[in-house]
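Colleague: Sending over entry-v6.cif (mmCIF, C-alpha atoms and all ligand atoms).
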data_query
#
loop_
_atom_site.group_PDB
_atom_site.id
_atom_site.type_symbol
_atom_site.label_atom_id
_atom_site.label_comp_id
_atom_site.auth_asym_id
_atom_site.auth_seq_id
_atom_site.Cartn_x
_atom_site.Cartn_y
_atom_site.Cartn_z
ATOM 1 C CA MET A 1 74.706 66.215 158.172
ATOM 2 C CA VAL A 2 77.434 65.528 155.599
ATOM 3 C CA LEU A 3 77.335 61.900 154.482
ATOM 4 C CA ALA A 4 80.812 61.830 152.965
ATOM 5 C CA ASN A 5 83.715 64.056 152.065
ATOM 6 C CA ILE A 6 84.821 63.485 148.493
ATOM 7 C CA LEU A 7 88.131 64.640 147.075
ATOM 8 C CA ALA A 8 87.908 65.468 143.374
ATOM 9 C CA LEU A 9 90.817 66.079 141.005
ATOM 10 C CA SER A 10 89.975 67.849 137.760
ATOM 11 C CA GLY A 11 92.621 67.383 135.082
ATOM 12 C CA SER A 12 92.147 69.867 132.247
ATOM 13 C CA PRO A 13 94.302 72.938 131.760
ATOM 14 C CA ARG A 14 91.316 74.647 130.070
ATOM 15 C CA ARG A 15 89.633 76.500 132.918
ATOM 16 C CA GLY A 16 85.851 76.343 132.678
ATOM 17 C CA GLY A 17 86.085 73.785 129.865
ATOM 18 C CA ASN A 18 84.194 70.540 129.416
ATOM 19 C CA THR A 19 86.078 68.594 132.106
ATOM 20 C CA ASP A 20 85.522 71.303 134.721
ATOM 21 C CA PHE A 21 81.875 71.469 133.737
ATOM 22 C CA MET A 22 81.461 67.705 133.940
ATOM 23 C CA MET A 23 83.101 67.694 137.367
ATOM 24 C CA ASP A 24 80.947 70.599 138.599
ATOM 25 C CA THR A 25 77.808 68.805 137.464
ATOM 26 C CA PHE A 26 78.905 65.528 139.106
ATOM 27 C CA LYS A 27 79.584 67.567 142.256
ATOM 28 C CA LYS A 28 76.068 69.046 142.189
ATOM 29 C CA GLY A 29 74.589 65.550 142.023
ATOM 30 C CA ALA A 30 76.863 64.263 144.781
ATOM 31 C CA GLU A 31 76.040 67.232 147.015
ATOM 32 C CA GLU A 32 72.342 66.814 146.360
ATOM 33 C CA ALA A 33 72.735 63.252 147.704
ATOM 34 C CA GLY A 34 74.415 64.555 150.867
ATOM 35 C CA ALA A 35 78.177 64.665 150.216
ATOM 36 C CA ARG A 36 80.662 67.490 150.384
ATOM 37 C CA VAL A 37 82.957 67.620 147.343
ATOM 38 C CA GLU A 38 86.238 69.515 147.212
ATOM 39 C CA VAL A 39 87.510 70.012 143.666
ATOM 40 C CA LEU A 40 91.197 70.668 143.005
ATOM 41 C CA ARG A 41 92.270 71.670 139.506
ATOM 42 C CA VAL A 42 95.548 69.797 139.176
ATOM 43 C CA ALA A 43 96.698 71.939 136.225
ATOM 44 C CA ASP A 44 96.775 74.908 138.630
ATOM 45 C CA LEU A 45 99.023 73.002 141.026
ATOM 46 C CA ASP A 46 102.685 72.134 140.801
ATOM 47 C CA ILE A 47 102.639 68.346 140.428
ATOM 48 C CA LYS A 48 105.636 66.664 138.870
ATOM 49 C CA PRO A 49 105.528 63.166 137.358
ATOM 50 C CA CYS A 50 107.088 60.194 139.173
ATOM 51 C CA THR A 51 110.817 59.823 138.484
ATOM 52 C CA HIS A 52 110.953 56.164 139.580
ATOM 53 C CA CYS A 53 113.664 57.055 142.086
ATOM 54 C CA ASP A 54 112.141 54.415 144.427
ATOM 55 C CA GLY A 55 112.532 56.901 147.281
ATOM 56 C CA CYS A 56 109.123 55.774 148.607
ATOM 57 C CA ARG A 57 110.207 52.102 148.760
ATOM 58 C CA GLU A 58 111.490 52.356 152.352
ATOM 59 C CA THR A 59 109.279 55.103 153.760
ATOM 60 C CA GLY A 60 106.016 55.112 151.803
ATOM 61 C CA GLU A 61 106.552 58.834 151.296
ATOM 62 C CA CYS A 62 107.378 60.677 148.108
ATOM 63 C CA VAL A 63 110.664 62.588 148.099
ATOM 64 C CA ILE A 64 109.442 65.198 145.584
ATOM 65 C CA ALA A 65 108.420 68.381 147.402
ATOM 66 C CA ASP A 66 105.539 69.935 145.475
ATOM 67 C CA ASP A 67 101.768 70.315 145.715
ATOM 68 C CA MET A 68 101.179 66.556 145.647
ATOM 69 C CA GLY A 69 101.750 66.698 149.421
ATOM 70 C CA GLU A 70 98.428 68.519 149.769
ATOM 71 C CA ILE A 71 96.676 65.772 147.793
ATOM 72 C CA TYR A 72 98.172 62.983 149.937
ATOM 73 C CA GLU A 73 96.936 64.799 153.064
ATOM 74 C CA LYS A 74 93.455 65.447 151.726
ATOM 75 C CA LEU A 75 93.135 61.916 150.393
ATOM 76 C CA ALA A 76 94.005 60.480 153.816
ATOM 77 C CA LYS A 77 90.959 62.270 155.247
ATOM 78 C CA ALA A 78 88.551 61.788 152.326
ATOM 79 C CA ASP A 79 85.804 59.163 152.152
ATOM 80 C CA GLY A 80 86.018 58.864 148.382
ATOM 81 C CA LEU A 81 87.949 60.032 145.343
ATOM 82 C CA ILE A 82 86.885 61.239 141.887
ATOM 83 C CA LEU A 83 89.183 62.109 139.018
ATOM 84 C CA ALA A 84 88.284 63.790 135.756
ATOM 85 C CA SER A 85 90.273 64.261 132.579
ATOM 86 C CA PRO A 86 89.913 65.403 129.003
ATOM 87 C CA ILE A 87 90.923 62.702 126.528
ATOM 88 C CA TYR A 88 94.303 63.585 125.044
ATOM 89 C CA PHE A 89 95.705 61.342 122.311
ATOM 90 C CA GLY A 90 93.534 58.456 123.380
ATOM 91 C CA SER A 91 94.525 58.751 127.031
ATOM 92 C CA VAL A 92 94.337 61.094 130.018
ATOM 93 C CA SER A 93 95.931 64.564 130.233
ATOM 94 C CA ALA A 94 99.534 64.912 131.368
ATOM 95 C CA TYR A 95 98.357 66.921 134.393
ATOM 96 C CA ILE A 96 96.160 64.163 135.813
ATOM 97 C CA LYS A 97 98.666 61.508 134.707
ATOM 98 C CA ALA A 98 101.410 63.166 136.757
ATOM 99 C CA ALA A 99 99.189 63.047 139.841
ATOM 100 C CA ILE A 100 98.251 59.415 139.120
ATOM 101 C CA GLU A 101 101.916 58.428 138.847
ATOM 102 C CA ARG A 102 102.566 59.941 142.245
ATOM 103 C CA PHE A 103 100.107 57.447 143.736
ATOM 104 C CA GLN A 104 103.053 55.066 143.374
ATOM 105 C CA ILE A 105 103.691 55.529 147.116
ATOM 106 C CA TYR A 106 100.536 53.477 147.699
ATOM 107 C CA TRP A 107 101.889 50.656 145.554
ATOM 108 C CA PHE A 108 104.766 50.258 147.979
ATOM 109 C CA ILE A 109 102.454 50.570 150.989
ATOM 110 C CA ASN A 110 99.897 48.081 149.642
ATOM 111 C CA PHE A 111 102.002 45.630 147.676
ATOM 112 C CA GLY A 112 105.707 46.461 147.334
ATOM 113 C CA ASN A 113 107.105 46.565 150.860
ATOM 114 C CA GLU A 114 105.539 44.488 153.631
ATOM 115 C CA GLU A 115 107.101 46.670 156.305
ATOM 116 C CA LEU A 116 104.970 49.599 155.122
ATOM 117 C CA ARG A 117 101.641 47.755 155.442
ATOM 118 C CA HIS A 118 100.839 49.603 158.707
ATOM 119 C CA LEU A 119 100.881 52.993 156.937
ATOM 120 C CA LYS A 120 97.664 54.652 155.902
ATOM 121 C CA ALA A 121 96.702 54.137 152.280
ATOM 122 C CA PRO A 122 93.370 55.061 150.678
ATOM 123 C CA GLY A 123 92.068 51.450 150.586
ATOM 124 C CA LYS A 124 88.458 50.259 150.191
ATOM 125 C CA ARG A 125 86.955 53.694 149.718
ATOM 126 C CA PRO A 126 84.808 54.300 146.616
ATOM 127 C CA ALA A 127 86.402 55.980 143.643
ATOM 128 C CA GLY A 128 85.414 57.055 140.170
ATOM 129 C CA PHE A 129 86.723 58.473 136.930
ATOM 130 C CA LEU A 130 85.126 60.972 134.544
ATOM 131 C CA ALA A 131 86.388 61.703 131.041
ATOM 132 C CA VAL A 132 85.354 63.860 128.113
ATOM 133 C CA GLY A 133 86.621 63.705 124.558
ATOM 134 C CA GLY A 134 86.060 65.461 121.263
ATOM 135 C CA MET A 135 85.753 62.350 119.119
ATOM 136 C CA LYS A 136 83.353 59.441 119.277
ATOM 137 C CA ASN A 137 85.825 56.591 119.331
ATOM 138 C CA LYS A 138 84.986 54.029 122.027
ATOM 139 C CA LYS A 139 88.597 52.871 122.184
ATOM 140 C CA TYR A 140 89.566 56.176 123.808
ATOM 141 C CA CYS A 141 87.131 55.641 126.667
ATOM 142 C CA ASP A 142 88.372 52.057 127.032
ATOM 143 C CA SER A 143 91.906 53.373 127.270
ATOM 144 C CA VAL A 144 90.989 55.869 130.018
ATOM 145 C CA ARG A 145 89.208 53.068 131.846
ATOM 146 C CA VAL A 146 92.382 50.950 131.814
ATOM 147 C CA THR A 147 94.291 53.827 133.457
ATOM 148 C CA ALA A 148 91.530 54.206 136.065
ATOM 149 C CA GLU A 149 91.546 50.459 136.766
ATOM 150 C CA ALA A 150 95.321 50.446 137.247
ATOM 151 C CA LEU A 151 95.096 53.403 139.614
ATOM 152 C CA PHE A 152 92.310 51.977 141.748
ATOM 153 C CA LEU A 153 93.916 48.548 141.888
ATOM 154 C CA ASN A 154 97.166 50.093 143.046
ATOM 155 C CA THR A 155 95.492 52.199 145.740
ATOM 156 C CA ARG A 156 92.990 49.440 146.650
ATOM 157 C CA LEU A 157 90.219 51.991 146.132
ATOM 158 C CA THR A 158 86.911 50.482 145.033
ATOM 159 C CA PHE A 159 86.156 51.306 141.409
ATOM 160 C CA SER A 160 82.525 52.376 141.623
ATOM 161 C CA SER A 161 81.897 54.992 138.931
ATOM 162 C CA PHE A 162 82.992 55.602 135.340
ATOM 163 C CA LEU A 163 81.510 58.052 132.880
ATOM 164 C CA CYS A 164 83.121 58.918 129.557
ATOM 165 C CA LEU A 165 81.316 61.482 127.396
ATOM 166 C CA GLN A 166 82.323 61.827 123.755
ATOM 167 C CA GLY A 167 81.710 64.277 120.935
ATOM 168 C CA TYR A 168 82.350 67.440 122.966
ATOM 169 C CA ASP A 169 85.283 69.380 121.613
ATOM 170 C CA GLU A 170 84.713 73.123 121.787
ATOM 171 C CA LYS A 171 84.851 74.869 125.123
ATOM 172 C CA GLY A 172 81.250 75.055 126.335
ATOM 173 C CA ALA A 173 80.033 72.172 124.151
ATOM 174 C CA LEU A 174 79.021 70.042 127.118
ATOM 175 C CA GLU A 175 77.096 72.875 128.756
ATOM 176 C CA LYS A 176 74.825 72.967 125.738
ATOM 177 C CA ASP A 177 73.792 69.309 126.037
ATOM 178 C CA PRO A 178 71.245 68.839 128.841
ATOM 179 C CA GLU A 179 71.181 65.071 128.346
ATOM 180 C CA ALA A 180 74.943 64.722 128.922
ATOM 181 C CA LEU A 181 74.735 66.991 131.950
ATOM 182 C CA GLN A 182 71.905 64.902 133.321
ATOM 183 C CA ARG A 183 74.171 61.832 133.038
ATOM 184 C CA ALA A 184 76.999 63.573 134.924
ATOM 185 C CA TYR A 185 74.580 64.799 137.595
ATOM 186 C CA ARG A 186 73.088 61.325 138.059
ATOM 187 C CA GLU A 187 76.555 59.780 138.197
ATOM 188 C CA GLY A 188 77.402 62.085 141.124
ATOM 189 C CA ARG A 189 74.102 61.515 142.898
ATOM 190 C CA ASP A 190 74.317 57.722 142.487
ATOM 191 C CA PHE A 191 77.971 57.608 143.544
ATOM 192 C CA VAL A 192 76.942 58.986 146.918
ATOM 193 C CA SER A 193 73.618 57.216 147.318
ATOM 194 C CA LYS A 194 74.963 53.754 146.483
ATOM 195 C CA ASN A 195 78.120 54.108 148.574
ATOM 196 C CA PHE A 196 77.159 56.257 151.544
ATOM 197 C CA GLN A 197 73.416 56.149 152.120
ATOM 198 C CA ASP A 198 71.917 53.295 154.172
HETATM 199 C C1 LIG A 201 96.398 67.799 123.017
HETATM 200 C C2 LIG A 201 94.987 67.349 122.756
HETATM 201 C C3 LIG A 201 94.768 66.025 122.395
HETATM 202 C C4 LIG A 201 93.467 65.566 122.187
HETATM 203 N N1 LIG A 201 93.296 64.261 121.869
HETATM 204 C C5 LIG A 201 92.019 63.779 121.760
HETATM 205 C C6 LIG A 201 91.801 62.400 121.515
HETATM 206 O O1 LIG A 201 92.734 61.603 121.357
HETATM 207 N N2 LIG A 201 90.541 61.947 121.426
HETATM 208 C C7 LIG A 201 89.462 62.786 121.594
HETATM 209 O O2 LIG A 201 88.320 62.322 121.540
HETATM 210 N N3 LIG A 201 89.642 64.113 121.828
HETATM 211 C C8 LIG A 201 90.891 64.627 121.919
HETATM 212 N N4 LIG A 201 91.086 65.961 122.188
HETATM 213 C C9 LIG A 201 89.913 66.838 122.365
HETATM 214 C C10 LIG A 201 89.546 67.046 123.841
HETATM 215 O O3 LIG A 201 89.415 65.817 124.507
HETATM 216 C C11 LIG A 201 88.220 67.815 123.957
HETATM 217 O O4 LIG A 201 88.334 69.067 123.337
HETATM 218 C C12 LIG A 201 87.751 67.977 125.369
HETATM 219 O O5 LIG A 201 86.417 68.450 125.376
HETATM 220 C C13 LIG A 201 88.629 68.946 126.142
HETATM 221 O O6 LIG A 201 88.159 69.086 127.455
HETATM 222 P P1 LIG A 201 88.364 70.458 128.254
HETATM 223 O O7 LIG A 201 87.426 71.472 127.643
HETATM 224 O O8 LIG A 201 88.016 70.145 129.635
HETATM 225 O O9 LIG A 201 89.776 70.843 128.143
HETATM 226 C C14 LIG A 201 92.374 66.463 122.354
HETATM 227 C C15 LIG A 201 92.614 67.802 122.697
HETATM 228 C C16 LIG A 201 93.902 68.249 122.887
HETATM 229 C C17 LIG A 201 94.137 69.701 123.272
#
Go ahead and express the file in the form of structure tokens.
Modeller:
Amino acid sequence: MVLANILALSGSPRRGGNTDFMMDTFKKGAEEAGARVEVLRVADLDIKPCTHCDGCRETGECVIADDMGEIYEKLAKADGLILASPIYFGSVSAYIKAAIERFQIYWFINFGNEELRHLKAPGKRPAGFLAVGGMKNKKYCDSVRVTAEALFLNTRLTFSSFLCLQGYDEKGALEKDPEALQRAYREGRDFVSKNFQD
């Protein structure tokens, strides 16, 4: 029996890099605990940033026709959400940031327009954020955390997991560190056991 269906968005353009590896390892832990995890690599999708056209103000729907539509649909059915990003200039990658900005529709549904309150928004489901950076500067992880907090507040998702691994720059660096992988695996396992097991 599948305990939960988790949607996972992986935000590095470097296929098979540290972010993908971290996400895959989290997924293994989550699946071991009984979840099904679907990973989408957002850099492989066509996702434009928000233009602040306010088109979603009246309808709760984004007017931009691109692959974000698939994410809205999958998120509506998912029991939880995980995002992962490499640290770029002390923040998240532009690929994952574009997707995050498009969650603006949920701001109008949850907070901005009372008439949209009946529409389905992610709300109250567990969510987490994974990040990996080349340098060991704690401020960068703090900065990613602020972005994650803003996202989960806006969507009313419950912030229940955050793991930021630092000091992994070269492609494959994370794979070589069993301790870091153990942390990502446990994060995935615990995300499911604490949120979905009795
Ligand atoms: C454009 C760019 C900006 C980066 N900026 C930072 C940074 O501010 N802080 C940091 O720790 N690492 C930075 N890095 C290093 C990456 O975070 C690191 O190589 C990471 O492991 C990449 O993950 P990936 O293999 O999944 O792409 C940057 C890398 C690139 C390409």
Colleague: Find the nearest atom pair between each residue of chain A and ligand LIG 201 (chain A) for residues within 8 Å, count all atoms listed in the file, give distances in Å to one decimal, sort rows by chain and ascending number, and present the table as JSON lines.
Modeller:
{"residue": "A:Gly11", "atom": "CA", "partner": "A:LIG201", "partner_atom": "O8", "distance": 7.6}
{"residue": "A:Ser12", "atom": "CA", "partner": "A:LIG201", "partner_atom": "O9", "distance": 4.8}
{"residue": "A:Pro13", "atom": "CA", "partner": "A:LIG201", "partner_atom": "O9", "distance": 6.2}
{"residue": "A:Arg14", "atom": "CA", "partner": "A:LIG201", "partner_atom": "O9", "distance": 4.5}
{"residue": "A:Arg15", "atom": "CA", "partner": "A:LIG201", "partner_atom": "O8", "distance": 7.3}
{"residue": "A:Gly16", "atom": "CA", "partner": "A:LIG201", "partner_atom": "O7", "distance": 7.2}
{"residue": "A:Gly17", "atom": "CA", "partner": "A:LIG201", "partner_atom": "O7", "distance": 3.5}
{"residue": "A:Asn18", "atom": "CA", "partner": "A:LIG201", "partner_atom": "O7", "distance": 3.8}
{"residue": "A:Thr19", "atom": "CA", "partner": "A:LIG201", "partner_atom": "O8", "distance": 3.5}
{"residue": "A:Asp20", "atom": "CA", "partner": "A:LIG201", "partner_atom": "O8", "distance": 5.8}
{"residue": "A:Phe21", "atom": "CA", "partner": "A:LIG201", "partner_atom": "O8", "distance": 7.5}
{"residue": "A:Ser85", "atom": "CA", "partner": "A:LIG201", "partner_atom": "O8", "distance": 7.0}
{"residue": "A:Pro86", "atom": "CA", "partner": "A:LIG201", "partner_atom": "O6", "distance": 4.4}
{"residue": "A:Ile87", "atom": "CA", "partner": "A:LIG201", "partner_atom": "O3", "distance": 4.0}
{"residue": "A:Tyr88", "atom": "CA", "partner": "A:LIG201", "partner_atom": "N1", "distance": 3.4}
{"residue": "A:Phe89", "atom": "CA", "partner": "A:LIG201", "partner_atom": "O1", "distance": 3.1}
{"residue": "A:Gly90", "atom": "CA", "partner": "A:LIG201", "partner_atom": "O1", "distance": 3.8}
{"residue": "A:Ser91", "atom": "CA", "partner": "A:LIG201", "partner_atom": "O1", "distance": 6.6}
{"residue": "A:Ser93", "atom": "CA", "partner": "A:LIG201", "partner_atom": "C1", "distance": 7.9}
{"residue": "A:Val132", "atom": "CA", "partner": "A:LIG201", "partner_atom": "O5", "distance": 5.4}
{"residue": "A:Gly133", "atom": "CA", "partner": "A:LIG201", "partner_atom": "O3", "distance": 3.5}
{"residue": "A:Gly134", "atom": "CA", "partner": "A:LIG201", "partner_atom": "N3", "distance": 3.9}
{"residue": "A:Met135", "atom": "CA", "partner": "A:LIG201", "partner_atom": "O2", "distance": 3.5}
{"residue": "A:Lys136", "atom": "CA", "partner": "A:LIG201", "partner_atom": "O2", "distance": 6.2}
{"residue": "A:Asn137", "atom": "CA", "partner": "A:LIG201", "partner_atom": "O2", "distance": 6.6}
{"residue": "A:Tyr140", "atom": "CA", "partner": "A:LIG201", "partner_atom": "N2", "distance": 6.3}
{"residue": "A:Gln166", "atom": "CA", "partner": "A:LIG201", "partner_atom": "O2", "distance": 6.4}
{"residue": "A:Gly167", "atom": "CA", "partner": "A:LIG201", "partner_atom": "O2", "distance": 6.9}
{"residue": "A:Tyr168", "atom": "CA", "partner": "A:LIG201", "partner_atom": "O5", "distance": 4.8}
{"residue": "A:Asp169", "atom": "CA", "partner": "A:LIG201", "partner_atom": "O4", "distance": 3.5}
{"residue": "A:Glu170", "atom": "CA", "partner": "A:LIG201", "partner_atom": "O4", "distance": 5.7}
{"residue": "A:Lys171", "atom": "CA", "partner": "A:LIG201", "partner_atom": "O7", "distance": 5.0}
{"residue": "A:Gly172", "atom": "CA", "partner": "A:LIG201", "partner_atom": "O7", "distance": 7.3}
{"residue": "A:Ala173", "atom": "CA", "partner": "A:LIG201", "partner_atom": "O5", "distance": 7.5}
{"residue": "A:Leu174", "atom": "CA", "partner": "A:LIG201", "partner_atom": "O5", "distance": 7.8}
Colleague: Can you work out which one of A:Gly69, A:Pro178, A:Gly123, A:Gly60 has the shortest atom-to-atom distance to Thr158 of chain A, counting only C-alpha atoms?
Modeller: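 Under the stated criterion, the closest residue is A:Gly123.
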Colleague: Run the PyMOL selection byres (((chain A and resi 61) around 12) and not hetatm) mentally over the shown coordinates, then write out the matched residues as a ChimeraX atom specification, using the chain letters and numbers from the document.
Modeller: /A:53-60,62-65,68-69,72-73,102-109,116,119-121
Colleague: Of the candidates A:His118, A:Lys176, A:Ser161, A:Thr51, which one gets nearest to Arg189 of chain A if we count only C-alpha atoms?
Modeller: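 Result for the nearest residue to Arg189 of chain A: A:Ser161.
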Colleague: For the provided coordinates, the residues matched by the PyMOL selection byres (((chain A and resi 10) around 6) and not hetatm) should be stated as a PDB file with C-alpha atoms, in the frame of the given file.
Modeller:
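selection_2.pdb, freshly written:
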ATOM      1  CA  LEU A   9      90.817  66.079 141.005  1.00  0.00           C
ATOM      2  CA  GLY A  11      92.621  67.383 135.082  1.00  0.00           C
ATOM      3  CA  ARG A  41      92.270  71.670 139.506  1.00  0.00           C
ATOM      4  CA  LEU A  83      89.183  62.109 139.018  1.00  0.00           C
ATOM      5  CA  ALA A  84      88.284  63.790 135.756  1.00  0.00           C
TER       6      ALA A  84
END
Colleague: Expressed in Å to a single decimal, how great is the separation between atom CA of Arg156 of chain A and atom CA of Arg183 of chain A?
Modeller: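 Going from atom CA of Arg156 of chain A over to atom CA of Arg183 of chain A covers 26.3 Å.
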Colleague: Could you list, as a PyMOL selection string, every residue matched by the PyMOL selection byres (((chain A and resi 6) around 8) and not hetatm) in this structure?
Modeller: chain A and resi 4-5+7-8+35-38+78-82
Colleague: Go ahead and dump the residues you just picked, C-alpha atoms, as an mmCIF file, keeping the file's coordinate frame.
Modeller:
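The result, stored in again25.cif:
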data_model
loop_
_atom_site.group_PDB
_atom_site.id
_atom_site.type_symbol
_atom_site.label_atom_id
_atom_site.label_comp_id
_atom_site.auth_asym_id
_atom_site.auth_seq_id
_atom_site.Cartn_x
_atom_site.Cartn_y
_atom_site.Cartn_z
ATOM 1 C CA ALA A 4 80.812 61.830 152.965
ATOM 2 C CA ASN A 5 83.715 64.056 152.065
ATOM 3 C CA LEU A 7 88.131 64.640 147.075
ATOM 4 C CA ALA A 8 87.908 65.468 143.374
ATOM 5 C CA ALA A 35 78.177 64.665 150.216
ATOM 6 C CA ARG A 36 80.662 67.490 150.384
ATOM 7 C CA VAL A 37 82.957 67.620 147.343
ATOM 8 C CA GLU A 38 86.238 69.515 147.212
ATOM 9 C CA ALA A 78 88.551 61.788 152.326
ATOM 10 C CA ASP A 79 85.804 59.163 152.152
ATOM 11 C CA GLY A 80 86.018 58.864 148.382
ATOM 12 C CA LEU A 81 87.949 60.032 145.343
ATOM 13 C CA ILE A 82 86.885 61.239 141.887
#
Colleague: Please, what distance in Å, to one decimal, runs between atom CA of Ala184 of chain A and atom CA of Ala127 of chain A?
Modeller: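 For atom CA of Ala184 of chain A relative to atom CA of Ala127 of chain A, the distance reads 14.9 Å.
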Colleague: What does the distance between atom CA of Cys164 of chain A and atom CA of Ala43 of chain A come to in Å, to one decimal place?
Modeller: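 Atom CA of Ala43 of chain A lies at a distance of 20.0 Å from atom CA of Cys164 of chain A.
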